[in-house]
Amino acid sequence: MEEKKEFLCGVVEGFYGRPWSMDQRKVLFQWMQHWGLNTYLYGPKDDLKHRLLWREVYSPEEEGQLRTLIVEAQSRGLRFVYALSPGQDIVFSSSCDLTLLKRKLRQVSDLGCQAFAILFDDIDHSMCQADSEAFSSFAHAQVTVTNEIYRFLGEPPVFLFCPTEYCGSLCSPSISKSPYLQTVGEDLLPNITVIWTGSKVISRKLSVDCLAEVESVLQRPPLIWDNLHANDYDSRRLFLGPFKGRDSQLRSHLRGLLLNPNCEFEANYIPLHTLGSWYRAGEEGRKDEEYEYCPDRALSAALHDWMEELNQPLQAGRQSTRADQRSSAPVSRCKTLDTSDNTLRGTCAVARLPVFPLNSSSPPPSPTKVKGEREGQDGEKKRSNQPSQPNHQPPGSRPGAPSGGSRGQKAQGRGPCSGKGLLSESQVRLLVGLHYLPHEHGPSAQKLLQDLTWLKTNCHLVSTNNKKTPAQKVDEWRGRASRFLSLCEDIAQLHCSVVGGANRAVLYDLYPYVWDLRNTALVAKAFICWLDGRVLSDSSALGSWKNCFHWCGKTTGADLLGVESEPWVFKGGVSGEVQMLLPIGSSSELFTHPPPLFPTSRLYNIRPYHSKDKVELYRMVRQLHLRTQGGQESSAAHPDVIGDRCLGPCLALCPEYSFILEDELGVCGCVLGILDVRSFAKRCQASWMPAMRDKYPPKGGNTQVNKRMSLLSSDQGEYPDSLLYHFPSQLRLDALPELVDISVSRTLLTALLTALKANGSQGVFCEVQPTDRQRLEFLTKLGFLEILRGEARSREGVVLGRLL
């Protein structure tokens with residue numbers, strides 16, 4: 001009887017997605033023992049024999065592995081609860097199904113398990129005809145089978161039942177009037193504990209008052225299955241914040257509380273550490289203020305301990321941890337049941353990284369890897385050998401920010417981030433603040449969103465044709481912009497430090513998230529830089545910030561959610577909210593793409609074009625041309641002719657729609673845009689083409705130059721009205737092929753689309769050669785549609801368009 005009264009507090013592995021590995025579970029047990037937690041529930045949804053194939057017994061090898069896991073938990077003083085989810089296809093009235101259910105649980109019981117759970121969550125309420133004839137209701141069917149299984153197992157002291165109506169929002173018509181819950185409360189044997197998640201699937205708060213009603217209906221104190229840190233519903237969200245929003249007085253009204261945390265194991269250090277603090281604060285004899293649970297204080301303590309973990313040279317898979325040194329319990333070295341390869345998260349938009357047994361900061365050699373690395377290194381060496389030019393700071397740019405100049409000279413204030421290093425405490429606090437809790441952002445995320453919202457709303461103060469703004473207001477806008485850019489750079493440095501850090505286990509779990517946020521911050525930073533002096537005010541005929549920005553989000557996700565909404569109503573977390581504050585925020589496919597297979601710590605920057613970048617851009621496109629021509633120089637006498645043809649008109653006539661991509665070695669890509677193709681073509685014919693004829697006179701007899709001039713003239717050919725009506729803008733994208741992180745090119749393109757949309761464009765197209773399959777594929781993946789083929793033009797080509 002004393003054992004029944006113990007408050008169950010610990011972890012439920014009950015998320016959808018790739019289950020944890022056995023090594024990770026062993027580390028989990030070490031953490032739990034050290035933090036005073038006492039219960040682990042095994043119930044990963046994507047373990048086939050837990051849910052989909054629940055009827056199948058474990059093989060002899062799986063038996064041995066599961067026994068090892070049970071013994072490992074028990075050796076650390078933890079209660080191991082085995083859960084089974086038969087609800088998807090069980091026939092409650094079938095004696096065969098009941099026999100198979102008993103057989104499966106008896107097998108696990110024979111392995112040493114003494115606590116069990118039957119889960120009927122996330123299933124259809126309907127019953128087959130046989131069940132409808134045998135039972136009076138769906139709840140009656142579940143309760144009857146559960147009671148029989150409970151008796152069959154000898155009425156174990158811990159036996160849990162998860163109802164189909166497991167939270168207030170799923171009860172019909174309400175908690176107190178739900179026939180389903182009333183049946184459960186009246187007919188379920190009294191020593192069986194009912195699982196509950198609170199008022200919602202993911203409850204913002206749990207209080208004594210909100211649990212009183214359900215406790216009355218169930219006729220017993222429930223056990224909370226707490227989804228506060230679960231992230232399986234959104235592949236772009238991660239929750240590193242403290243255990244919060246749960247009254248310390250809950251313990252006397254609950255049978256227990258189990259936290260269902262992040263799918264990524266390494267992301268759960270702070271959630272579980274602070275859960276342990278909450279649990280210990282509620283123990284008898286700790287009622288004074290000194291031991292009262294404080295989330296902020298618990299977070300600081302967890303951060304202090306996590307810093308030690310983060311800067312250990314641990315390999316992916318967590319073979320060892322300092323928890324081993326703190327605990328005297330022996331660690332089993334037997335082979336364990338490993339379900340980590342069953343499935344990946346089915347709806348994951350941010351792809352998982354391969355888990356390599358890393359011995360350094362790079363994955364083990366493989367033919368593909370060696371080739372890719374060698375190409376990247378060779379390319380960087382080639383670029384570093386190029387002659388350099390002075391690297392001046394562009395007017396109005398933030399000191400220390402990257403600027404133009406040739407490759408081979410590192411951008412000012414942006415040293416390389418390679419090799420293993422230590423994450424600083426400020427970086428870890430930034431990481432946690434950006435990935436905090438489902439209903440609440442951390443301080444850094446709040447600052448990021450507030451500043452972006454204010455800068456966007458007040459961008460008319462620095463619009464290109466607004467001459468009446470007081471200097472004080474302009475300075476205020478630029479000062480706030482400088483702080484915003486600084487925070488974006490901190491995010492880039494955080495990404496770099498995680499990739500270059502010593503702890504590879506943390507890297508492979510957190511990398512998709514810091515990488516995703518880094519790319520979003522790159523776009524936001526470029527957009528804010530571009531707004532200064534380039535956005536059109538509301539007096540412009542082409543478009544304005546007012547008639548464009550009504551498409552942008554005006555409130556943050558937390559504001560939209562409120563207390564009564566589930567967190568999955570608004571996707572993407574901080575990245576998603578930054579995205580929605582941008583003019584093209586509704587184009588989700590521009591912001592969701594898989595991370596590179598091999599993490600790179602190289603720093604990138606995207607910024608508006610400055611006139612001094614022209615020399616380097618011309619050099620880059622000339623280099624690209626030489627590569628396609630097999631290295632043969634066709635216009636040595638006129639080295640600018642390729643640049644004049646490819647980039648010259650845009651840089652001369654509409655430089656405000658040009659963006660530069662640079663890494664630590666300098667410029668490595670660019671994207672050029674034309675807001676209104678019709679007016680641009682007229683300006684070209686009036687000013688650009690005469691200037692080119694003066695620069696490249698046809699009398700020289702140079703056939704190559706004459707051919708180039710002919711092509712340059714044909715580039716200005718007319719496009720049909722049917723195209724320009726929907727797609728009035730045009731773009732050109734160039735990037736060095738050795739660019740390792742392809743997603744950066746997408747981010748560069750997204751920055752331009754944001755600028756075009758901000759000034760009123762409704763669509764953009766790009767003309768490419770049919771032989772350029774890589775660019776065709778790239779643009780198609782970004783949602784560009786094939787609109788027009790080359791027969792309508794003076795030369796062969798394919799035009800791809802995209803609505804904004």
# chains A, B, ... in the order shown; residues from 1 in each chain; ligands from 1

call {"tool": "residues_around", "arguments": {"residues": "A:Arg478", "least_positions_apart": "3", "cutoff": "12 Å", "atoms": "only C-alpha atoms", "output": "list in words"}}
result
Gly396, Ser397, Arg398, Asp451, Trp454, Leu455, Lys456, Asn458, Cys459, Leu461, Val462, Ala471, Gln472, Lys473, Val474, Asp475, Ala481, Ser482, Arg483, Phe484, Leu485, Ile528, Cys529, Trp530, Leu531, Asp532 and Gly533 of chain A

call {"tool": "write_last_selection", "arguments": {"atoms": "C-alpha atoms", "output": "PDB file, in the first residue's frame"}}
result
ATOM      1  CA  GLY A 396      25.726  53.323 -43.051  1.00  0.00           C
ATOM      2  CA  SER A 397      26.662  49.718 -42.278  1.00  0.00           C
ATOM      3  CA  ARG A 398      27.165  48.438 -38.779  1.00  0.00           C
ATOM      4  CA  ASP A 451      12.241  44.755 -33.023  1.00  0.00           C
ATOM      5  CA  TRP A 454       8.636  47.794 -35.005  1.00  0.00           C
ATOM      6  CA  LEU A 455      11.201  48.219 -37.790  1.00  0.00           C
ATOM      7  CA  LYS A 456       8.797  46.927 -40.408  1.00  0.00           C
ATOM      8  CA  ASN A 458       8.050  52.221 -39.104  1.00  0.00           C
ATOM      9  CA  CYS A 459      10.098  51.636 -42.246  1.00  0.00           C
ATOM     10  CA  LEU A 461      10.699  56.767 -41.728  1.00  0.00           C
ATOM     11  CA  VAL A 462      13.631  55.726 -43.937  1.00  0.00           C
ATOM     12  CA  ALA A 471      16.528  63.265 -38.223  1.00  0.00           C
ATOM     13  CA  GLN A 472      15.803  62.117 -34.677  1.00  0.00           C
ATOM     14  CA  LYS A 473      13.239  59.587 -35.931  1.00  0.00           C
ATOM     15  CA  VAL A 474      15.634  58.326 -38.587  1.00  0.00           C
ATOM     16  CA  ASP A 475      18.362  57.868 -35.997  1.00  0.00           C
ATOM     17  CA  ALA A 481      17.998  48.299 -36.708  1.00  0.00           C
ATOM     18  CA  SER A 482      21.624  48.093 -35.570  1.00  0.00           C
ATOM     19  CA  ARG A 483      20.586  46.202 -32.432  1.00  0.00           C
ATOM     20  CA  PHE A 484      18.423  43.873 -34.501  1.00  0.00           C
ATOM     21  CA  LEU A 485      21.293  43.152 -36.904  1.00  0.00           C
ATOM     22  CA  ILE A 528      16.139  45.228 -42.538  1.00  0.00           C
ATOM     23  CA  CYS A 529      19.385  46.381 -44.204  1.00  0.00           C
ATOM     24  CA  TRP A 530      17.481  46.760 -47.466  1.00  0.00           C
ATOM     25  CA  LEU A 531      14.629  48.755 -45.896  1.00  0.00           C
ATOM     26  CA  ASP A 532      16.993  51.591 -45.039  1.00  0.00           C
ATOM     27  CA  GLY A 533      16.591  53.924 -47.994  1.00  0.00           C
TER      28      GLY A 533
END

call {"tool": "residues_around", "arguments": {"residues": "stretch 177-192 of chain A", "least_positions_apart": "2", "cutoff": "9 Å", "atoms": "only C-alpha atoms", "output": "PyMOL selection string"}}
result
chain A and resi 4+137-140+142-144+146-147+150+155+157-161+163-165+171-175+194+214+216-220

call {"tool": "write_last_selection", "arguments": {"atoms": "N, CA, C and O atoms", "output": "compact mmCIF listing (two decimals), in the first residue's frame"}}
result
# COMPACT_ATOMS: atom_id res chain seq x y z
N LYS A 4 1.92 2.15 -3.51
CA LYS A 4 0.89 2.75 -4.33
C LYS A 4 0.81 4.26 -4.12
O LYS A 4 0.46 5.00 -5.02
N SER A 137 -21.24 0.95 -24.82
CA SER A 137 -20.59 2.17 -25.29
C SER A 137 -19.12 1.89 -25.55
O SER A 137 -18.59 0.84 -25.16
N PHE A 138 -18.49 2.84 -26.18
CA PHE A 138 -17.04 2.75 -26.46
C PHE A 138 -16.27 2.69 -25.15
O PHE A 138 -15.33 1.90 -24.99
N ALA A 139 -16.65 3.54 -24.19
CA ALA A 139 -15.98 3.54 -22.89
C ALA A 139 -16.18 2.21 -22.17
O ALA A 139 -15.25 1.69 -21.54
N HIS A 140 -17.37 1.65 -22.28
CA HIS A 140 -17.65 0.36 -21.64
C HIS A 140 -16.75 -0.73 -22.19
O HIS A 140 -16.23 -1.57 -21.44
N GLN A 142 -13.71 -0.35 -23.57
CA GLN A 142 -12.33 -0.14 -23.10
C GLN A 142 -12.17 -0.53 -21.64
O GLN A 142 -11.18 -1.18 -21.26
N VAL A 143 -13.11 -0.12 -20.82
CA VAL A 143 -13.02 -0.39 -19.39
C VAL A 143 -13.09 -1.89 -19.11
O VAL A 143 -12.34 -2.42 -18.27
N THR A 144 -13.95 -2.60 -19.83
CA THR A 144 -14.09 -4.05 -19.62
C THR A 144 -12.79 -4.77 -19.91
O THR A 144 -12.34 -5.62 -19.13
N THR A 146 -9.74 -3.43 -20.06
CA THR A 146 -8.70 -2.96 -19.14
C THR A 146 -8.81 -3.64 -17.77
O THR A 146 -7.80 -4.07 -17.20
N ASN A 147 -10.02 -3.76 -17.26
CA ASN A 147 -10.20 -4.42 -15.97
C ASN A 147 -9.76 -5.88 -16.03
O ASN A 147 -9.12 -6.40 -15.09
N TYR A 150 -5.97 -6.05 -16.09
CA TYR A 150 -5.45 -5.69 -14.78
C TYR A 150 -5.51 -6.89 -13.83
O TYR A 150 -4.55 -7.19 -13.10
N GLU A 155 -3.17 -7.60 -10.59
CA GLU A 155 -3.42 -6.28 -10.01
C GLU A 155 -2.12 -5.62 -9.53
O GLU A 155 -1.92 -5.39 -8.33
N PRO A 157 0.72 -2.92 -8.60
CA PRO A 157 0.54 -1.65 -7.86
C PRO A 157 0.49 -0.43 -8.76
O PRO A 157 -0.08 0.59 -8.37
N VAL A 158 1.12 -0.48 -9.92
CA VAL A 158 1.04 0.63 -10.87
C VAL A 158 0.47 0.10 -12.18
O VAL A 158 1.09 -0.72 -12.87
N PHE A 159 -0.75 0.53 -12.50
CA PHE A 159 -1.40 0.16 -13.75
C PHE A 159 -2.14 1.39 -14.25
O PHE A 159 -3.03 1.92 -13.56
N LEU A 160 -1.76 1.86 -15.43
CA LEU A 160 -2.27 3.12 -15.97
C LEU A 160 -3.21 2.86 -17.15
O LEU A 160 -3.02 1.93 -17.93
N PHE A 161 -4.20 3.74 -17.27
CA PHE A 161 -5.17 3.67 -18.35
C PHE A 161 -5.28 5.05 -18.98
O PHE A 161 -5.57 6.03 -18.30
N PRO A 163 -7.41 7.25 -21.42
CA PRO A 163 -8.69 7.28 -22.14
C PRO A 163 -8.57 7.96 -23.49
O PRO A 163 -7.60 8.68 -23.76
N THR A 164 -9.56 7.77 -24.33
CA THR A 164 -9.59 8.46 -25.62
C THR A 164 -9.89 9.94 -25.42
O THR A 164 -9.38 10.79 -26.14
N GLU A 165 -10.71 10.26 -24.44
CA GLU A 165 -10.93 11.64 -24.02
C GLU A 165 -9.95 11.93 -22.88
O GLU A 165 -10.28 11.76 -21.70
N CYS A 171 -13.30 16.32 -24.51
CA CYS A 171 -14.48 15.79 -23.84
C CYS A 171 -15.76 16.35 -24.47
O CYS A 171 -15.83 17.54 -24.78
N SER A 172 -16.73 15.50 -24.63
CA SER A 172 -17.98 15.93 -25.27
C SER A 172 -19.16 15.57 -24.35
O SER A 172 -19.31 14.42 -23.94
N PRO A 173 -19.99 16.56 -24.02
CA PRO A 173 -19.90 17.98 -24.38
C PRO A 173 -18.96 18.77 -23.45
O PRO A 173 -18.54 19.86 -23.79
N SER A 174 -18.67 18.22 -22.26
CA SER A 174 -17.76 18.87 -21.32
C SER A 174 -17.21 17.80 -20.40
O SER A 174 -17.63 16.64 -20.44
N ILE A 175 -16.29 18.19 -19.52
CA ILE A 175 -15.69 17.21 -18.62
C ILE A 175 -16.75 16.61 -17.68
O ILE A 175 -16.88 15.39 -17.55
N VAL A 194 -5.91 6.77 -14.04
CA VAL A 194 -6.30 7.34 -15.33
C VAL A 194 -5.33 8.45 -15.71
O VAL A 194 -5.02 9.33 -14.89
N VAL A 214 -12.13 17.12 -13.08
CA VAL A 214 -11.85 15.80 -13.66
C VAL A 214 -11.62 14.77 -12.56
O VAL A 214 -11.99 13.60 -12.70
N SER A 216 -13.16 14.67 -9.79
CA SER A 216 -14.49 14.31 -9.32
C SER A 216 -15.17 13.32 -10.26
O SER A 216 -15.78 12.35 -9.83
N VAL A 217 -15.07 13.55 -11.56
CA VAL A 217 -15.70 12.68 -12.54
C VAL A 217 -15.03 11.31 -12.57
O VAL A 217 -15.69 10.27 -12.64
N LEU A 218 -13.71 11.28 -12.52
CA LEU A 218 -12.98 10.02 -12.59
C LEU A 218 -12.99 9.25 -11.27
O LEU A 218 -12.62 8.07 -11.23
N GLN A 219 -13.37 9.95 -10.20
CA GLN A 219 -13.44 9.35 -8.87
C GLN A 219 -12.08 8.84 -8.40
O GLN A 219 -11.99 7.83 -7.68
N ARG A 220 -11.05 9.54 -8.78
CA ARG A 220 -9.68 9.20 -8.39
C ARG A 220 -8.77 10.33 -8.87
O ARG A 220 -9.09 11.02 -9.85

call {"tool": "residues_around", "arguments": {"residues": "A:Val514", "least_positions_apart": "6", "cutoff": "10 Å", "atoms": "only C-alpha atoms", "output": "list in words"}}
result
Arg236, Leu238, Leu431, Leu434, His435, Ile491, Ala492, Leu494, His495, Cys496, Val498, Val499, Leu507, Thr520 and Ser575 of chain A

call {"tool": "residues_around", "arguments": {"residues": "A:Cys162", "least_positions_apart": "3", "cutoff": "9 Å", "atoms": "only C-alpha atoms", "output": "VMD selection string"}}
result
chain A and resid 117 to 121 165 to 166 193 to 196

call {"tool": "residues_around", "arguments": {"residues": "stretch 744-748 of chain A", "least_positions_apart": "5", "cutoff": "7 Å", "atoms": "only C-alpha atoms", "output": "PyMOL selection string"}}
result
chain A and resi 519+523+606+661+671

call {"tool": "closest_residue", "arguments": {"among": "A:Glu72, A:Arg619, A:Thr771, A:Ser300", "to": "A:Gly643", "atoms": "only C-alpha atoms"}}
result
A:Arg619

call {"tool": "closest_residue", "arguments": {"among": "A:Gln623, A:Leu257, A:Ser743, A:Ala691", "to": "A:Pro596", "atoms": "only C-alpha atoms"}}
result
A:Ser743

call {"tool": "atom_distance", "arguments": {"atom1": "atom CA of A:Asp234", "atom2": "atom CA of A:Trp568"}}
result
6.8 Å

call {"tool": "closest_residue", "arguments": {"among": "A:Gln315, A:Ser565, A:Gln493, A:Thr457", "to": "A:Gln24", "atoms": "only C-alpha atoms"}}
result
A:Gln315

call {"tool": "residues_around", "arguments": {"residues": "A:Phe116", "least_positions_apart": "5", "cutoff": "6 Å", "atoms": "only C-alpha atoms", "output": "JSON, numbers by chain"}}
result
{"A": [81, 82, 83, 159]}

call {"tool": "write_last_selection", "arguments": {"atoms": "C-alpha atoms", "output": "mmCIF file, in the first residue's frame"}}
result
data_model
loop_
_atom_site.group_PDB
_atom_site.id
_atom_site.type_symbol
_atom_site.label_atom_id
_atom_site.label_comp_id
_atom_site.auth_asym_id
_atom_site.auth_seq_id
_atom_site.Cartn_x
_atom_site.Cartn_y
_atom_site.Cartn_z
ATOM 1 C CA VAL A 81 6.268 1.090 -16.929
ATOM 2 C CA TYR A 82 5.607 -0.808 -20.144
ATOM 3 C CA ALA A 83 2.813 0.685 -22.266
ATOM 4 C CA PHE A 159 -1.396 0.159 -13.746
#

call {"tool": "atom_distance", "arguments": {"atom1": "atom CA of A:Val677", "atom2": "atom CA of A:His593"}}
result
29.7 Å
